[in-house]
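Raw work-v6.tsv, TSV, C-alpha atoms and all ligand atoms:
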```
chain	number	residue	atom	x	y	z
M	1	MET	CA	0.00	0.00	0.00
M	2	THR	CA	1.33	3.45	-0.87
M	3	ASP	CA	1.93	5.62	2.16
M	4	LEU	CA	-0.34	8.66	1.85
M	5	LEU	CA	2.08	10.67	4.00
M	6	LEU	CA	4.77	10.26	1.37
M	7	LYS	CA	2.69	11.38	-1.59
M	8	SER	CA	3.27	14.86	-2.97
M	9	TYR	CA	0.77	17.66	-2.46
M	10	ARG	CA	0.10	20.95	-4.22
M	11	LEU	CA	-0.13	23.75	-1.64
M	12	GLY	CA	-1.01	26.93	-3.52
M	13	ARG	CA	1.96	27.54	-5.78
M	14	LEU	CA	4.23	25.16	-3.88
M	15	THR	CA	4.68	21.48	-4.60
M	16	LEU	CA	5.37	19.57	-1.39
M	17	PRO	CA	7.23	16.28	-1.92
M	18	ASN	CA	5.32	14.69	0.97
M	19	ARG	CA	2.41	15.48	3.32
M	20	MET	CA	4.49	15.81	6.48
M	21	VAL	CA	4.75	19.28	8.01
M	22	MET	CA	7.27	20.15	10.68
M	23	ALA	CA	5.10	21.76	13.39
M	24	PRO	CA	6.15	25.14	14.85
M	25	MET	CA	8.31	24.69	17.94
M	26	THR	CA	9.90	27.33	20.16
M	27	ARG	CA	13.55	26.50	20.87
M	28	PHE	CA	15.05	29.71	22.32
M	29	ARG	CA	18.06	29.70	19.98
M	30	ALA	CA	17.88	33.42	19.16
M	31	HIS	CA	20.41	36.00	20.30
M	32	GLU	CA	19.15	38.30	23.04
M	33	ASP	CA	18.05	40.90	20.46
M	34	GLY	CA	15.82	38.31	18.76
M	35	THR	CA	18.12	37.62	15.78
M	36	PRO	CA	18.35	33.89	15.03
M	37	GLN	CA	21.80	32.42	15.69
M	38	PRO	CA	23.58	30.75	12.73
M	39	ILE	CA	22.73	27.30	14.16
M	40	VAL	CA	19.05	28.05	13.48
M	41	ALA	CA	19.77	27.90	9.74
M	42	GLU	CA	21.57	24.60	10.20
M	43	TYR	CA	18.71	23.17	12.31
M	44	TYR	CA	15.98	23.94	9.79
M	45	ALA	CA	18.12	22.94	6.78
M	46	GLN	CA	18.68	19.54	8.43
M	47	ARG	CA	14.88	19.10	8.39
M	48	ALA	CA	14.32	20.34	4.80
M	49	SER	CA	12.95	16.96	3.67
M	50	ALA	CA	9.68	17.88	5.44
M	51	GLY	CA	6.96	18.71	2.93
M	52	LEU	CA	6.76	22.07	4.70
M	53	ILE	CA	8.55	23.54	7.71
M	54	VAL	CA	6.73	25.98	9.97
M	55	THR	CA	9.22	27.83	12.15
M	56	GLU	CA	9.01	28.37	15.86
M	57	GLY	CA	6.80	31.25	17.02
M	58	ILE	CA	8.37	34.62	16.09
M	59	TRP	CA	7.29	37.91	17.66
M	60	PRO	CA	6.07	40.42	15.09
M	61	SER	CA	7.22	43.36	17.23
M	62	ALA	CA	8.81	43.73	20.67
M	63	ARG	CA	5.28	44.59	21.90
M	64	GLY	CA	4.40	40.95	21.30
M	65	GLN	CA	7.50	39.30	22.81
M	66	ALA	CA	6.42	36.56	25.20
M	67	GLU	CA	9.79	35.22	26.32
M	68	TRP	CA	13.48	36.02	26.39
M	69	ARG	CA	15.56	34.49	23.53
M	70	MET	CA	12.53	34.04	21.29
M	71	PRO	CA	13.23	35.36	17.80
M	72	GLY	CA	11.66	38.44	16.19
M	73	LEU	CA	10.87	39.66	12.68
M	74	GLU	CA	10.97	43.39	13.31
M	75	THR	CA	14.46	44.78	12.66
M	76	PRO	CA	16.87	44.65	9.68
M	77	ASP	CA	19.09	42.29	11.74
M	78	HIS	CA	16.14	39.92	12.25
M	79	VAL	CA	15.43	39.94	8.50
M	80	ARG	CA	19.11	39.24	7.74
M	81	GLY	CA	19.18	36.41	10.29
M	82	TRP	CA	16.05	34.80	8.88
M	83	ARG	CA	17.29	35.26	5.31
M	84	ALA	CA	20.20	32.97	6.19
M	85	VAL	CA	17.63	30.42	7.41
M	86	THR	CA	15.39	30.54	4.34
M	87	GLU	CA	18.40	30.37	2.00
M	88	ALA	CA	19.74	27.31	3.83
M	89	VAL	CA	16.35	25.57	3.74
M	90	HIS	CA	15.80	26.37	0.06
M	91	ALA	CA	19.34	25.27	-0.83
M	92	ALA	CA	18.57	21.96	0.88
M	93	GLY	CA	15.40	21.61	-1.24
M	94	GLY	CA	12.84	22.64	1.41
M	95	ARG	CA	9.99	25.10	1.88
M	96	VAL	CA	9.42	27.21	5.00
M	97	PHE	CA	6.70	29.40	6.52
M	98	ALA	CA	7.37	31.76	9.46
M	99	GLN	CA	5.01	31.44	12.41
M	100	LEU	CA	4.06	34.92	13.64
M	101	MET	CA	3.30	34.71	17.34
M	102	HIS	CA	2.15	37.76	19.30
M	103	GLY	CA	2.26	36.85	22.98
M	104	GLY	CA	-0.53	39.19	24.12
M	105	ARG	CA	-0.91	38.77	27.90
M	106	HIS	CA	2.17	36.55	28.05
M	107	GLY	CA	5.46	38.12	28.96
M	108	HIS	CA	6.99	39.94	31.84
M	109	PRO	CA	9.06	43.14	31.99
M	110	LEU	CA	12.02	40.85	32.82
M	111	SER	CA	11.46	38.70	29.74
M	112	ARG	CA	10.96	41.40	27.12
M	113	LEU	CA	13.35	43.66	25.25
M	114	ALA	CA	10.78	46.44	25.61
M	115	ALA	CA	10.81	45.84	29.41
M	116	ASP	CA	7.21	47.02	29.59
M	117	LEU	CA	3.98	45.39	30.72
M	118	PRO	CA	2.48	42.99	28.19
M	119	SER	CA	-1.02	43.77	26.96
M	120	GLY	CA	-3.94	41.53	26.07
M	121	PRO	CA	-7.67	41.74	25.41
M	122	SER	CA	-8.39	42.11	29.15
M	123	PRO	CA	-6.28	42.59	32.31
M	124	VAL	CA	-6.21	38.88	33.19
M	125	PRO	CA	-2.78	37.47	34.12
M	126	VAL	CA	-1.48	34.06	33.11
M	127	PRO	CA	-1.32	31.58	35.98
M	128	GLY	CA	2.18	31.82	37.46
M	129	PRO	CA	5.01	31.54	37.97
M	130	VAL	CA	6.38	32.68	34.61
M	131	HIS	CA	9.82	32.31	33.01
M	132	VAL	CA	12.00	35.41	32.88
M	133	ARG	CA	15.44	35.99	31.37
M	134	ASP	CA	18.46	33.86	32.26
M	135	GLY	CA	16.39	30.92	33.46
M	136	GLY	CA	14.68	32.77	36.32
M	137	LYS	CA	11.06	32.61	37.44
M	138	ALA	CA	8.76	35.37	38.67
M	139	ASP	CA	5.17	35.96	39.64
M	140	PRO	CA	3.07	36.90	36.63
M	141	VAL	CA	2.19	40.54	35.98
M	142	THR	CA	-1.30	41.76	35.16
M	143	PRO	CA	-1.37	42.74	31.49
M	144	ARG	CA	-2.67	46.08	30.29
M	145	ALA	CA	-6.05	45.90	28.53
M	146	MET	CA	-5.49	46.78	24.89
M	147	THR	CA	-7.01	50.06	23.73
M	148	GLY	CA	-8.50	50.44	20.26
M	149	ALA	CA	-5.18	51.99	19.20
M	150	ASP	CA	-3.29	48.99	20.64
M	151	ILE	CA	-5.49	46.63	18.63
M	152	ARG	CA	-4.90	48.56	15.41
M	153	GLN	CA	-1.16	48.56	16.19
M	154	ALA	CA	-1.17	44.78	16.76
M	155	VAL	CA	-2.85	44.23	13.38
M	156	GLN	CA	-0.26	46.52	11.75
M	157	ASP	CA	2.59	44.73	13.56
M	158	HIS	CA	1.47	41.44	12.00
M	159	VAL	CA	1.33	43.08	8.56
M	160	THR	CA	4.80	44.61	8.90
M	161	ALA	CA	6.26	41.33	10.15
M	162	ALA	CA	4.60	39.41	7.29
M	163	ARG	CA	6.20	41.84	4.82
M	164	ASN	CA	9.52	41.34	6.63
M	165	ALA	CA	9.03	37.58	6.28
M	166	MET	CA	8.69	38.05	2.51
M	167	ALA	CA	11.84	40.20	2.50
M	168	ALA	CA	13.60	37.41	4.40
M	169	GLY	CA	12.63	34.90	1.70
M	170	PHE	CA	9.95	32.88	3.52
M	171	ASP	CA	7.40	31.03	1.39
M	172	GLY	CA	4.59	32.29	3.60
M	173	VAL	CA	3.55	33.01	7.18
M	174	GLU	CA	1.44	31.09	9.66
M	175	LEU	CA	-0.55	33.28	12.06
M	176	HIS	CA	-0.44	31.77	15.54
M	177	GLY	CA	-4.03	31.66	16.72
M	178	ALA	CA	-3.43	28.67	19.00
M	179	ASN	CA	-2.01	27.62	22.37
M	180	SER	CA	-2.91	30.70	24.45
M	181	TYR	CA	-1.28	33.55	22.52
M	182	LEU	CA	-2.90	36.84	21.46
M	183	ILE	CA	-5.32	35.67	18.78
M	184	HIS	CA	-6.41	32.77	21.01
M	185	GLN	CA	-6.86	35.23	23.91
M	186	PHE	CA	-9.50	37.11	21.89
M	187	LEU	CA	-11.33	33.83	21.17
M	188	ALA	CA	-11.35	32.35	24.68
M	189	ASP	CA	-13.86	32.88	27.51
M	190	ASN	CA	-11.63	33.88	30.42
M	191	THR	CA	-9.17	36.17	28.60
M	192	ASN	CA	-11.63	38.28	26.61
M	193	LEU	CA	-13.94	40.17	28.97
M	194	ARG	CA	-14.17	43.27	26.78
M	195	ASP	CA	-17.39	45.26	26.52
M	196	ASP	CA	-16.63	46.80	23.12
M	197	GLU	CA	-16.98	45.47	19.57
M	198	TYR	CA	-14.12	42.99	20.18
M	199	GLY	CA	-15.83	41.45	23.21
M	200	PRO	CA	-18.23	38.57	23.77
M	201	GLY	CA	-21.31	40.80	24.11
M	202	THR	CA	-21.18	41.86	20.45
M	203	PRO	CA	-22.17	39.39	17.70
M	204	GLY	CA	-18.94	38.42	15.97
M	205	GLY	CA	-16.98	40.18	18.72
M	206	ARG	CA	-14.64	37.37	19.74
M	207	VAL	CA	-13.67	36.60	16.16
M	208	ARG	CA	-13.25	40.25	15.07
M	209	PHE	CA	-9.54	40.64	15.92
M	210	PRO	CA	-8.54	37.23	14.47
M	211	ILE	CA	-10.35	38.09	11.22
M	212	GLU	CA	-8.81	41.56	11.08
M	213	VAL	CA	-5.31	40.09	11.40
M	214	VAL	CA	-5.92	37.32	8.87
M	215	THR	CA	-7.49	39.70	6.34
M	216	ALA	CA	-4.84	42.41	6.71
M	217	VAL	CA	-1.95	39.95	6.35
M	218	ALA	CA	-3.59	38.18	3.40
M	219	ASP	CA	-4.12	41.56	1.71
M	220	ALA	CA	-0.47	42.48	2.30
M	221	ILE	CA	1.33	39.33	1.15
M	222	GLY	CA	-1.33	37.25	-0.58
M	223	ALA	CA	-3.88	34.82	0.86
M	224	HIS	CA	-1.99	31.92	-0.73
M	225	ARG	CA	0.97	32.79	1.49
M	226	THR	CA	-1.09	33.14	4.69
M	227	GLY	CA	-1.94	30.23	7.00
M	228	LEU	CA	-3.72	30.21	10.36
M	229	ARG	CA	-3.20	27.88	13.32
M	230	LEU	CA	-6.00	27.26	15.83
M	231	SER	CA	-6.28	24.99	18.88
M	232	PRO	CA	-9.94	25.04	19.94
M	233	GLY	CA	-10.41	24.14	23.59
M	234	ASN	CA	-6.69	23.94	24.42
M	235	PRO	CA	-6.45	24.81	28.16
M	236	GLN	CA	-2.68	25.50	28.02
M	237	PHE	CA	-1.58	28.40	30.27
M	238	GLY	CA	-4.98	28.63	31.93
M	239	MET	CA	-7.13	29.22	28.83
M	240	VAL	CA	-10.84	28.50	29.30
M	241	GLU	CA	-13.19	27.78	26.39
M	242	CYS	CA	-16.36	26.25	27.81
M	243	ASP	CA	-17.99	25.51	24.45
M	244	PRO	CA	-15.51	26.13	21.61
M	245	GLY	CA	-17.85	24.92	18.83
M	246	PRO	CA	-19.95	28.04	18.16
M	247	VAL	CA	-16.99	30.47	18.24
M	248	TYR	CA	-14.75	28.38	16.00
M	249	ARG	CA	-17.54	27.46	13.58
M	250	ASP	CA	-18.30	31.17	13.22
M	251	LEU	CA	-14.62	31.98	12.63
M	252	ILE	CA	-14.17	29.22	10.05
M	253	ASP	CA	-17.32	30.22	8.17
M	254	ARG	CA	-16.07	33.81	7.94
M	255	ILE	CA	-12.57	32.97	6.68
M	256	ASP	CA	-13.35	29.94	4.52
M	257	GLY	CA	-13.76	32.01	1.36
M	258	LEU	CA	-10.54	34.02	1.69
M	259	GLY	CA	-8.36	31.51	-0.17
M	260	LEU	CA	-5.84	31.11	2.64
M	261	ALA	CA	-2.87	28.78	2.18
M	262	TYR	CA	-4.14	26.52	4.93
M	263	LEU	CA	-5.82	26.03	8.27
M	264	HIS	CA	-3.62	24.24	10.83
M	265	LEU	CA	-5.76	22.60	13.53
M	266	THR	CA	-4.83	20.82	16.70
M	267	ASP	CA	-7.29	18.10	17.58
M	268	ASP	CA	-7.66	16.39	20.91
M	269	ASP	CA	-10.06	14.59	23.18
M	270	ARG	CA	-11.61	17.71	24.72
M	271	TYR	CA	-13.11	19.09	21.51
M	272	PRO	CA	-13.06	17.12	18.23
M	273	ALA	CA	-11.97	20.05	16.09
M	274	LEU	CA	-11.29	18.03	12.97
M	275	ALA	CA	-14.66	16.29	12.97
M	276	ASP	CA	-16.53	19.52	13.67
M	277	LEU	CA	-14.63	21.99	11.50
M	278	ARG	CA	-13.35	20.00	8.52
M	279	PRO	CA	-16.75	19.96	6.78
M	280	ARG	CA	-16.87	23.77	6.94
M	281	TRP	CA	-13.32	24.36	5.64
M	282	HIS	CA	-12.83	23.98	1.90
M	283	GLY	CA	-9.12	24.71	1.73
M	284	THR	CA	-6.03	22.78	2.78
M	285	LEU	CA	-6.18	21.46	6.33
M	286	ILE	CA	-3.09	20.53	8.34
M	287	ALA	CA	-3.87	18.38	11.37
M	288	ASN	CA	-1.88	18.02	14.58
M	289	VAL	CA	-3.05	15.73	17.35
M	290	GLY	CA	-1.96	17.97	20.23
M	291	GLU	CA	0.44	17.80	23.11
M	292	ASN	CA	-1.82	15.94	25.53
M	293	ARG	CA	-1.39	12.78	23.49
M	294	PRO	CA	1.73	10.73	22.85
M	295	ALA	CA	3.84	12.01	19.96
M	296	THR	CA	2.04	11.56	16.70
M	297	SER	CA	2.77	8.25	15.02
M	298	LYS	CA	2.98	7.38	11.36
M	299	GLU	CA	-0.19	5.29	11.79
M	300	ALA	CA	-2.15	8.19	13.29
M	301	GLY	CA	-1.10	10.42	10.40
M	302	GLU	CA	-2.00	7.83	7.78
M	303	ALA	CA	-5.41	7.30	9.41
M	304	ALA	CA	-6.17	11.04	9.47
M	305	LEU	CA	-5.25	11.36	5.78
M	306	ALA	CA	-7.23	8.26	4.79
M	307	SER	CA	-10.33	9.57	6.59
M	308	GLY	CA	-10.24	12.75	4.49
M	309	ARG	CA	-10.21	14.89	7.64
M	310	ALA	CA	-6.76	16.25	6.88
M	311	ASP	CA	-4.68	16.99	3.79
M	312	LEU	CA	-1.36	17.30	5.61
M	313	ILE	CA	-0.14	16.13	9.02
M	314	SER	CA	2.17	18.13	11.26
M	315	TYR	CA	4.72	16.40	13.44
M	316	GLY	CA	6.45	18.25	16.24
M	317	ARG	CA	8.66	16.35	18.65
M	318	ALA	CA	9.36	13.56	16.16
M	319	PHE	CA	10.94	16.12	13.79
M	320	ILE	CA	13.14	17.51	16.57
M	321	ALA	CA	14.67	14.11	17.30
M	322	ASN	CA	14.58	12.79	13.72
M	323	PRO	CA	15.75	15.37	11.19
M	324	ASP	CA	15.19	12.82	8.41
M	325	LEU	CA	11.68	11.83	9.57
M	326	PRO	CA	10.17	11.31	6.06
M	327	ALA	CA	13.00	8.88	5.17
M	328	ARG	CA	12.44	7.02	8.45
M	329	PHE	CA	8.70	6.75	7.79
M	330	ALA	CA	9.42	5.55	4.23
M	331	ARG	CA	11.55	2.70	5.61
M	332	ASN	CA	9.51	2.11	8.76
M	333	ALA	CA	12.78	2.72	10.59
M	334	PRO	CA	12.90	3.23	14.36
M	335	LEU	CA	12.59	6.77	15.68
M	336	GLN	CA	15.15	8.36	17.98
M	337	PRO	CA	13.95	9.57	21.39
M	338	ILE	CA	13.85	13.28	22.13
M	339	ASP	CA	16.20	14.92	24.64
M	340	THR	CA	13.63	16.96	26.58
M	341	ALA	CA	16.25	18.44	28.92
M	342	ARG	CA	17.73	20.41	26.00
M	343	LEU	CA	14.52	21.59	24.34
M	344	TYR	CA	14.92	25.13	25.61
M	345	THR	CA	18.67	25.54	26.07
M	346	HIS	CA	20.57	27.90	23.78
M	347	GLY	CA	23.31	25.86	22.09
M	348	ALA	CA	23.77	23.16	19.48
M	349	ALA	CA	23.38	20.25	21.94
M	350	GLY	CA	19.93	18.72	21.64
M	351	TYR	CA	19.34	20.96	18.64
M	352	THR	CA	21.54	20.26	15.62
M	353	ASP	CA	23.27	17.11	16.88
M	354	TYR	CA	20.52	14.52	16.29
M	355	PRO	CA	22.01	12.05	13.79
M	356	ARG	CA	20.42	10.99	10.54
M	357	MET	CA	19.94	7.29	9.87
M	358	ASP	CA	23.27	5.63	9.26
M	359	ALA	CA	24.17	3.63	6.18
M	360	GLU	CA	23.61	0.35	8.03
M	361	THR	CA	20.04	1.24	9.00
M	362	LEU	CA	19.32	2.39	5.47
M	363	THR	CA	20.45	-0.94	4.07
M	364	LEU	CA	18.58	-2.98	6.68
M	365	CYS	CA	15.19	-1.32	6.37
N	401	LIG	C1	9.36	22.29	22.40
N	401	LIG	C2	8.02	22.68	21.85
N	401	LIG	C3	7.81	23.99	21.47
N	401	LIG	C4	6.58	24.37	20.89
N	401	LIG	N1	6.42	25.65	20.44
N	401	LIG	C5	5.32	25.96	19.69
N	401	LIG	C6	5.24	27.22	19.01
N	401	LIG	O1	6.16	28.06	19.04
N	401	LIG	N2	4.12	27.46	18.28
N	401	LIG	C7	3.09	26.55	18.20
N	401	LIG	O2	2.09	26.82	17.51
N	401	LIG	N3	3.15	25.35	18.82
N	401	LIG	C8	4.25	25.03	19.53
N	401	LIG	N4	4.36	23.77	20.07
N	401	LIG	C9	3.32	22.75	19.81
N	401	LIG	C10	3.71	21.89	18.59
N	401	LIG	O3	3.62	22.64	17.39
N	401	LIG	C11	2.81	20.63	18.44
N	401	LIG	O4	1.48	21.05	18.31
N	401	LIG	C12	2.94	19.68	19.63
N	401	LIG	O5	4.29	19.40	19.91
N	401	LIG	C13	2.18	18.35	19.40
N	401	LIG	O6	2.69	17.68	18.25
N	401	LIG	P1	3.65	16.38	18.44
N	401	LIG	O7	2.88	15.39	19.25
N	401	LIG	O8	3.89	15.89	17.03
N	401	LIG	O9	4.90	16.83	19.13
N	401	LIG	C14	5.56	23.40	20.72
N	401	LIG	C15	5.78	22.09	21.14
N	401	LIG	C16	6.99	21.71	21.69
N	401	LIG	C17	7.22	20.27	22.07
```
Target format structure tokens, applied to this file:
Amino acid sequence: MTDLLLKSYRLGRLTLPNRMVMAPMTRFRAHEDGTPQPIVAEYYAQRASAGLIVTEGIWPSARGQAEWRMPGLETPDHVRGWRAVTEAVHAAGGRVFAQLMHGGRHGHPLSRLAADLPSGPSPVPVPGPVHVRDGGKADPVTPRAMTGADIRQAVQDHVTAARNAMAAGFDGVELHGANSYLIHQFLADNTNLRDDEYGPGTPGGRVRFPIEVVTAVADAIGAHRTGLRLSPGNPQFGMVECDPGPVYRDLIDRIDGLGLAYLHLTDDDRYPALADLRPRWHGTLIANVGENRPATSKEAGEAALASGRADLISYGRAFIANPDLPARFARNAPLQPIDTARLYTHGAAGYTDYPRMDAETLTLC
């Protein structure tokens, strides 16, 4: 039987050699100013056999920086740093989207270059303690509630960063609407208590900011270069969504016709996002099974593709530990375990030193 995961796929103007996407994963390998270190180019180039790579979350402006040593896409140095990454990935035959991640209420004056208070839809802090620079921890701060001007600025920051991503040579951007960051904060029950047109009391209020960002970025760089990631019902970092269905169905219905590159959905036991939302989404759908389950297996990916609920499957931790994951799946070769102690350190160890399959394994399998 042909492996569906290893069949090519047409994504807008890109031809992906397989249906395996490297999921976005924060690794804290940026310099303190947010410029990716040279090893970041090596890391992603090692994984260029993925059908598509989505980078770690990148702050669109220092206003959206959630944590120290996360990368940015705001300054000329950031663009130069990321250009080295995209050139290395393209030279290795790969394709790469930048994940734009505005932290919203995340962040702490001790974890941000701007050293200011973070801001979110409402003044609701994350549950603490939070990470601050140099490995420290601190009590969370209460974020500032975003004003109308702050919201317009956040939309513009995404647009500017998306243009910077194009200047850096990325094939597209993924807007991070998942896992508790700013776009998710507008969608969720406990983090959006606003009483204006962006709040839950107004029809379409919760989805207004997400749609404004998606539309503005798609207008700026092209819908075919703009993806969106959502994680309905994900309780990470204290998010509460009592009944995600109505909000996410409304959002999907409003963006389905925009011609976006893709929707990237995490699915888990709390809310069956794929089953509920796939019928409403007529574009490309990337599925990820979510962090509360064991790392996604080849079998789980094949089953999701065969069911028609997904067009592409994203793999996170398996791609960290197995830079040549598609080749391993093709040969049903064993997977290497991940070194979780070095996920968030700053050097090459646990980052660029995972070996590829050796010649002996290749011959055996
Ligand atoms: C180390 C690490 C960092 C992550 N950082 C991000 C991130 O920056 N953006 C994001 O959307 N998801 C992030 N995630 C979630 C992954 O994209 C993915 O959804 C999750 O790991 C589940 O997939 P898996 O079982 O294949 O690992 C991260 C996960 C891990 C393990």
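If you measure from each of M:Arg47, M:Arg270, M:His176, M:Arg133 to Cys242 in chain M using only C-alpha atoms, the closest one turns out to be M:Arg270.
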Residues around (14.5, 43.0, 13.5), cut-off 12 Å, counting all atoms listed in the file - what are they as an mmCIF file with C-alpha atoms, in the frame of the given file?
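Result file follows (point-v2.cif):
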```
data_model
loop_
_atom_site.group_PDB
_atom_site.id
_atom_site.type_symbol
_atom_site.label_atom_id
_atom_site.label_comp_id
_atom_site.auth_asym_id
_atom_site.auth_seq_id
_atom_site.Cartn_x
_atom_site.Cartn_y
_atom_site.Cartn_z
ATOM 1 C CA ALA M 30 17.880 33.420 19.160
ATOM 2 C CA HIS M 31 20.410 36.000 20.300
ATOM 3 C CA GLU M 32 19.150 38.300 23.040
ATOM 4 C CA ASP M 33 18.050 40.900 20.460
ATOM 5 C CA GLY M 34 15.820 38.310 18.760
ATOM 6 C CA THR M 35 18.120 37.620 15.780
ATOM 7 C CA PRO M 36 18.350 33.890 15.030
ATOM 8 C CA ILE M 58 8.370 34.620 16.090
ATOM 9 C CA TRP M 59 7.290 37.910 17.660
ATOM 10 C CA PRO M 60 6.070 40.420 15.090
ATOM 11 C CA SER M 61 7.220 43.360 17.230
ATOM 12 C CA ALA M 62 8.810 43.730 20.670
ATOM 13 C CA PRO M 71 13.230 35.360 17.800
ATOM 14 C CA GLY M 72 11.660 38.440 16.190
ATOM 15 C CA LEU M 73 10.870 39.660 12.680
ATOM 16 C CA GLU M 74 10.970 43.390 13.310
ATOM 17 C CA THR M 75 14.460 44.780 12.660
ATOM 18 C CA PRO M 76 16.870 44.650 9.680
ATOM 19 C CA ASP M 77 19.090 42.290 11.740
ATOM 20 C CA HIS M 78 16.140 39.920 12.250
ATOM 21 C CA VAL M 79 15.430 39.940 8.500
ATOM 22 C CA ARG M 80 19.110 39.240 7.740
ATOM 23 C CA GLY M 81 19.180 36.410 10.290
ATOM 24 C CA TRP M 82 16.050 34.800 8.880
ATOM 25 C CA ARG M 83 17.290 35.260 5.310
ATOM 26 C CA LEU M 113 13.350 43.660 25.250
ATOM 27 C CA THR M 160 4.800 44.610 8.900
ATOM 28 C CA ALA M 161 6.260 41.330 10.150
ATOM 29 C CA ASN M 164 9.520 41.340 6.630
ATOM 30 C CA ALA M 165 9.030 37.580 6.280
ATOM 31 C CA ALA M 167 11.840 40.200 2.500
ATOM 32 C CA ALA M 168 13.600 37.410 4.400
#
```
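In terms of minimum interatomic distance to Arg29 in chain M, M:Arg342 ranks closest within M:Arg163, M:Arg342, M:Arg194, M:Arg225, counting all atoms listed in the file.
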Dump the neighbourhood of ligand LIG 401 (chain N) as a ChimeraX atom specification: all residues within 9 Å, distances computed on all atoms listed in the file. /M:22-27,54-58,99-101,174-179,229-231,265-266,288-297,313-320,340,343-344
Take CA of Asn332 in chain M and CA of Leu5 in chain M and report the distance between them in Å, one decimal. 12.3 Å
Just checking: using all atoms listed in the file, which residue out of M:Val40, M:Ala45, M:Ala300, M:Leu11 ends up closest to Pro323 in chain M? M:Ala45
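CA of Pro355 in chain M is positioned 11.2 Å from CA of Leu325 in chain M.
The closest residue to Gln336 in chain M, picked from M:Ala321, M:Leu258, M:Leu16, M:Leu251 and counting all atoms listed in the file, is M:Ala321.
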Just to confirm, what's the straight-line distance from CA of Arg105 in chain M to CA of Pro118 in chain M in Å (one decimal)?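 So the two atoms, CA of Arg105 in chain M and CA of Pro118 in chain M, lie 5.4 Å apart.
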What lies within 12 Å of Leu260 in chain M using all atoms listed in the file, ignoring chain neighbours under 2 positions off, as a compact mmCIF listing (two decimals) with C-alpha atoms, in the coordinates of the input?
```
# COMPACT_ATOMS: atom_id res chain seq x y z
CA LEU M 11 -0.13 23.75 -1.64
CA GLY M 12 -1.01 26.93 -3.52
CA GLY M 172 4.59 32.29 3.60
CA VAL M 173 3.55 33.01 7.18
CA GLU M 174 1.44 31.09 9.66
CA LEU M 175 -0.55 33.28 12.06
CA ILE M 211 -10.35 38.09 11.22
CA VAL M 214 -5.92 37.32 8.87
CA THR M 215 -7.49 39.70 6.34
CA VAL M 217 -1.95 39.95 6.35
CA ALA M 218 -3.59 38.18 3.40
CA ASP M 219 -4.12 41.56 1.71
CA ILE M 221 1.33 39.33 1.15
CA GLY M 222 -1.33 37.25 -0.58
CA ALA M 223 -3.88 34.82 0.86
CA HIS M 224 -1.99 31.92 -0.73
CA ARG M 225 0.97 32.79 1.49
CA THR M 226 -1.09 33.14 4.69
CA GLY M 227 -1.94 30.23 7.00
CA LEU M 228 -3.72 30.21 10.36
CA ARG M 229 -3.20 27.88 13.32
CA ILE M 252 -14.17 29.22 10.05
CA ARG M 254 -16.07 33.81 7.94
CA ILE M 255 -12.57 32.97 6.68
CA ASP M 256 -13.35 29.94 4.52
CA GLY M 257 -13.76 32.01 1.36
CA LEU M 258 -10.54 34.02 1.69
CA TYR M 262 -4.14 26.52 4.93
CA LEU M 263 -5.82 26.03 8.27
CA HIS M 264 -3.62 24.24 10.83
CA TRP M 281 -13.32 24.36 5.64
CA HIS M 282 -12.83 23.98 1.90
CA GLY M 283 -9.12 24.71 1.73
CA THR M 284 -6.03 22.78 2.78
CA LEU M 285 -6.18 21.46 6.33
```
Among the residues M:Ala303, M:Ala220, M:Ala66, M:Ala310, the one that comes closest to Leu274 in chain M [using only C-alpha atoms]: M:Ala310
Since the input has fewer atoms than a full residue there, write range 122-128 of chain M out with N, CA, C and O atoms, as a PDB file, in the coordinates of the input.
```pdb
ATOM      1  N   SER M 122      -7.879  41.680  27.843  1.00  0.00           N
ATOM      2  CA  SER M 122      -8.390  42.110  29.150  1.00  0.00           C
ATOM      3  C   SER M 122      -7.278  41.944  30.192  1.00  0.00           C
ATOM      4  O   SER M 122      -6.346  41.158  29.979  1.00  0.00           O
ATOM      5  N   PRO M 123      -7.366  42.656  31.313  1.00  0.00           N
ATOM      6  CA  PRO M 123      -6.280  42.590  32.310  1.00  0.00           C
ATOM      7  C   PRO M 123      -6.345  41.311  33.152  1.00  0.00           C
ATOM      8  O   PRO M 123      -6.580  41.351  34.362  1.00  0.00           O
ATOM      9  N   VAL M 124      -6.143  40.177  32.513  1.00  0.00           N
ATOM     10  CA  VAL M 124      -6.210  38.880  33.190  1.00  0.00           C
ATOM     11  C   VAL M 124      -4.836  38.219  33.078  1.00  0.00           C
ATOM     12  O   VAL M 124      -4.396  37.895  31.976  1.00  0.00           O
ATOM     13  N   PRO M 125      -4.138  38.047  34.213  1.00  0.00           N
ATOM     14  CA  PRO M 125      -2.780  37.470  34.120  1.00  0.00           C
ATOM     15  C   PRO M 125      -2.783  35.987  33.801  1.00  0.00           C
ATOM     16  O   PRO M 125      -3.771  35.292  34.041  1.00  0.00           O
ATOM     17  N   VAL M 126      -1.660  35.510  33.258  1.00  0.00           N
ATOM     18  CA  VAL M 126      -1.480  34.060  33.110  1.00  0.00           C
ATOM     19  C   VAL M 126      -1.275  33.471  34.494  1.00  0.00           C
ATOM     20  O   VAL M 126      -0.782  34.154  35.392  1.00  0.00           O
ATOM     21  N   PRO M 127      -1.640  32.198  34.693  1.00  0.00           N
ATOM     22  CA  PRO M 127      -1.320  31.580  35.980  1.00  0.00           C
ATOM     23  C   PRO M 127       0.207  31.486  36.112  1.00  0.00           C
ATOM     24  O   PRO M 127       0.881  31.177  35.143  1.00  0.00           O
ATOM     25  N   GLY M 128       0.725  31.794  37.283  1.00  0.00           N
ATOM     26  CA  GLY M 128       2.180  31.820  37.460  1.00  0.00           C
ATOM     27  C   GLY M 128       2.710  30.528  38.003  1.00  0.00           C
ATOM     28  O   GLY M 128       1.945  29.604  38.191  1.00  0.00           O
TER      29      GLY M 128
END
```
